[in-house]
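Accompanying notes for the structure given below.
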Amino acid sequence: MRLEELKEAHPKAEVELWAEDEARLGLKPVMRRVWAPVGKRPVASFKRGYKWTYLYGFVHPQSGKVYWLILPTVNVELFSMALSEFAKEIGVGEHKRVLLVVDQAGWHTGKEVEIPEGIHLEFLPSGSPELMPAERLWPLTNEALANGLFEEIEEVEEALVERCLELLDQPEAIRELTNYHWWPQAA
């Protein structure tokens with residue numbers, strides 16, 4: 001369902017356009033370039049590990065509002081739960097509708113996905129991450145992990161929580177990064 005169709009179908013409801021994506025983060029390091037004196041090689045310690053956590057990011061590009069969830073994996077059950085928590089958080093229901101743009105990951109498209117009342121999914125074409133505003137969130141969240149040494153996945157999650165809380169207070173930066181010139185604007 002397109003945005004205009006949703007507005008016509010629910011003329012008395014507030015309608016918002018959001019985007020959602022997930023990022024896998026873990027003990028495998030996020031490496032960044034660093035400054036070093038001329039002739040000196042910078043040293044970055046890391047422990048190679050393959051435990052993962054997943055950051056679910058919901059973004060309203062027009063306002064820069066974000067909603068974050070850190071979950072242990074991605075699957076239909078957890079995506080359904082994420083949709084439910086998101087819907088509760090922003091008050092989706094009879095008087096507020098959300099058209100949520102997602103990619104075509106298997107856990108988004110399965111018939112088993114439980115979509116809360118008031119959430120309507122719009123799927124991007126396959127293989128088009130450049131169209132997803134939520135993809136632009138990951139460089140911001142990765143800053144919490146860049147060149148860091150984490151022994152346990154819980155340390156990664158704690159760093160992500162701190163960074164996501166910081167980003168809640170930066171709607172202008174989020175908006176500038178995610179509000180593409182072609183993204184539909186409120187009437």
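Ordered as shown in the structure tokens, chains take letters A, B, and onward, while each chain numbers its residues from 1 and ligands are numbered from 1 in the order shown.
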Exercise. Could you pull out the residues in chain A that DSSP calls strand (DSSP E) from the backbone, as a VMD selection string?
Key: chain A and resid 14 to 26 52 to 60 65 to 71 96 to 102 119 to 123
Please provide the set of residues having any atom within 12 Å of Asn75 in chain A, restricted to only C-alpha atoms, with same-chain residues fewer than 5 positions apart removed, written as a PDB file with C-alpha atoms, in the first residue's frame.
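Output (around_14.pdb):
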```pdb
ATOM      1  CA  GLU A  22      18.795  -4.423  11.036  1.00  0.00           C
ATOM      2  CA  TYR A  54      21.499  -7.368  16.109  1.00  0.00           C
ATOM      3  CA  TYR A  56      17.003  -3.054  14.845  1.00  0.00           C
ATOM      4  CA  SER A  80       7.126  -9.594  14.723  1.00  0.00           C
ATOM      5  CA  MET A  81       8.024  -8.722  18.311  1.00  0.00           C
ATOM      6  CA  ALA A  82      10.034  -5.684  17.136  1.00  0.00           C
ATOM      7  CA  ALA A 105      14.799 -10.049   3.955  1.00  0.00           C
ATOM      8  CA  GLY A 106      13.175 -13.448   4.517  1.00  0.00           C
ATOM      9  CA  TRP A 107      12.098 -12.561   8.049  1.00  0.00           C
ATOM     10  CA  HIS A 108      10.226  -9.508   6.672  1.00  0.00           C
ATOM     11  CA  THR A 109       8.365 -11.293   3.888  1.00  0.00           C
ATOM     12  CA  GLY A 110       7.258 -14.552   5.550  1.00  0.00           C
ATOM     13  CA  GLU A 112       4.148 -15.926   9.606  1.00  0.00           C
ATOM     14  CA  VAL A 113       5.059 -12.269  10.314  1.00  0.00           C
ATOM     15  CA  GLU A 114       2.559 -10.818  12.785  1.00  0.00           C
TER      16      GLU A 114
END
```
Exercise. Tell me which of A:Gly91, A:Cys164, A:Trp52, A:Ala19 sits closest to Thr141 in chain A, counting only C-alpha atoms.
Key: A:Cys164
Practice problem: List the neighbours of Glu155 in chain A out to 12 Å using only C-alpha atoms; skip same-chain residues closer than 3 positions along the sequence, and give me the result as a PyMOL selection string. | Solution: chain A and resi 25-27+51-53+144-145+148-152+158-162
Take the residues from that selection and put them in a file with C-alpha atoms, as a PDB file, in the first residue's frame.
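Result file follows (again-v6.pdb):
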```
ATOM      1  CA  LEU A  25      27.370  -6.304  15.226  1.00  0.00           C
ATOM      2  CA  GLY A  26      29.589  -8.382  17.421  1.00  0.00           C
ATOM      3  CA  LEU A  27      33.021  -9.315  18.607  1.00  0.00           C
ATOM      4  CA  LYS A  51      29.393 -13.799  18.561  1.00  0.00           C
ATOM      5  CA  TRP A  52      26.734 -11.458  17.235  1.00  0.00           C
ATOM      6  CA  THR A  53      23.944  -9.199  18.359  1.00  0.00           C
ATOM      7  CA  ALA A 144      30.548   3.128  19.556  1.00  0.00           C
ATOM      8  CA  LEU A 145      32.472   0.015  18.518  1.00  0.00           C
ATOM      9  CA  GLY A 148      37.282  -1.177  20.368  1.00  0.00           C
ATOM     10  CA  LEU A 149      38.331  -4.319  22.176  1.00  0.00           C
ATOM     11  CA  PHE A 150      35.340  -6.233  23.505  1.00  0.00           C
ATOM     12  CA  GLU A 151      35.733  -9.512  25.389  1.00  0.00           C
ATOM     13  CA  GLU A 152      32.029 -10.371  25.671  1.00  0.00           C
ATOM     14  CA  GLU A 158      26.269  -1.889  26.502  1.00  0.00           C
ATOM     15  CA  ALA A 159      28.263   0.296  24.101  1.00  0.00           C
ATOM     16  CA  LEU A 160      25.387   0.177  21.610  1.00  0.00           C
ATOM     17  CA  VAL A 161      22.848   1.161  24.264  1.00  0.00           C
ATOM     18  CA  GLU A 162      24.929   4.207  25.205  1.00  0.00           C
TER      19      GLU A 162
END
```
Exercise. Taking the DSSP assignment computed from this structure's backbone, write out as a ChimeraX atom specification all residues of range 64-152 of chain A that belong to alpha helix (DSSP H).
Key: /A:76-90,106-109,138-142
Quiz prompt | Exercise: Asp103 in chain A partners within 9 Å, only C-alpha atoms, chain neighbours under 6 positions left out, as an MDAnalysis selection string | solution = chainID A and resid 20:21 109 122:129 132
For C-alpha atoms, I'd like the residues from the last selection saved as a short mmCIF file (atom, residue, chain, number, x, y, z; two decimals), in the first residue's frame.
```cif
data_model
loop_
_atom_site.label_atom_id
_atom_site.label_comp_id
_atom_site.auth_asym_id
_atom_site.auth_seq_id
_atom_site.Cartn_x
_atom_site.Cartn_y
_atom_site.Cartn_z
CA GLU A 20 13.40 -0.10 9.36
CA ASP A 21 16.55 -2.17 8.98
CA THR A 109 8.37 -11.29 3.89
CA GLU A 122 6.10 -1.48 1.96
CA PHE A 123 8.90 -3.56 0.44
CA LEU A 124 11.85 -2.05 -1.39
CA PRO A 125 13.02 -3.75 -4.58
CA SER A 126 15.48 -6.59 -3.98
CA GLY A 127 19.14 -5.63 -3.78
CA SER A 128 18.59 -1.90 -3.32
CA PRO A 129 20.14 -0.90 0.03
CA MET A 132 16.83 2.43 2.46
#
```
Quiz item: Distance CA of His95 in chain A-CA of Glu14 in chain A, one decimal place?
Solution: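 Computing the Euclidean distance for CA of His95 in chain A and CA of Glu14 in chain A yields 6.1 Å.
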Quiz item: Just how far from CA of Val92 in chain A is CA of Pro116 in chain A, in Å to one decimal?
Solution: 8.3 Å
Self-check item: Top pick for closest residue to Val59 in chain A, considering A:Glu157, A:Glu4, A:Glu16, A:Glu143 and counting only C-alpha atoms
Solution: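 So, comparing all the options, the nearest one is A:Glu16.
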So which residues touch Leu83 in chain A within 9 Å, counting only C-alpha atoms, skipping near sequence neighbours fewer than 3 positions away, as a PDB file with C-alpha atoms, in the first residue's frame?
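See around-v3.pdb below for the written result:
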```
ATOM      1  CA  LEU A  78      11.734 -11.427  16.658  1.00  0.00           C
ATOM      2  CA  PHE A  79      10.793  -9.176  13.734  1.00  0.00           C
ATOM      3  CA  SER A  80       7.126  -9.594  14.723  1.00  0.00           C
ATOM      4  CA  PHE A  86       7.598  -0.220  17.852  1.00  0.00           C
ATOM      5  CA  ALA A  87       3.824   0.093  17.380  1.00  0.00           C
ATOM      6  CA  LYS A  88       3.295   0.424  21.150  1.00  0.00           C
ATOM      7  CA  GLU A 114       2.559 -10.818  12.785  1.00  0.00           C
ATOM      8  CA  ILE A 115       1.890  -7.234  11.763  1.00  0.00           C
ATOM      9  CA  PRO A 116       0.199  -5.058  14.414  1.00  0.00           C
ATOM     10  CA  ILE A 119       1.396  -0.967  10.612  1.00  0.00           C
TER      11      ILE A 119
END
```
Quiz item: With distances taken over only C-alpha atoms, which of A:Pro171, A:Pro184, A:Pro61, A:Pro11 is nearest to Arg136 in chain A?
Solution: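 Closest to Arg136 in chain A of all the choices is A:Pro61.
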Quiz item: If we count only C-alpha atoms, what is near Leu165 in chain A at a cut-off of 10 Å, once residues fewer than 6 positions away on the same chain are taken out, given as a list in words?
Solution: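 In the requested format, the answer is Val66, Tyr67 and Trp68 of chain A.
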I need the chosen residues saved as a short mmCIF file (atom, residue, chain, number, x, y, z; two decimals), in the first residue's frame, with C-alpha atoms.
```
data_model
loop_
_atom_site.label_atom_id
_atom_site.label_comp_id
_atom_site.auth_asym_id
_atom_site.auth_seq_id
_atom_site.Cartn_x
_atom_site.Cartn_y
_atom_site.Cartn_z
CA VAL A 66 14.52 6.89 15.89
CA TYR A 67 13.53 3.78 17.80
CA TRP A 68 16.10 1.10 18.62
#
```
Exercise. Between CA of Leu99 in chain A and CA of Leu17 in chain A, measure the distance and give it in Å to one decimal.
Key: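 Rounded to one decimal, the two atoms are 5.0 Å apart.
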Quiz item: From the set A:Ile153, A:Asn142, A:Arg175, A:Gln62, which residue has the shortest atom-to-atom contact distance to Val30 in chain A, counting only C-alpha atoms?
Solution: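 Closest residue, counting only C-alpha atoms: A:Asn142.
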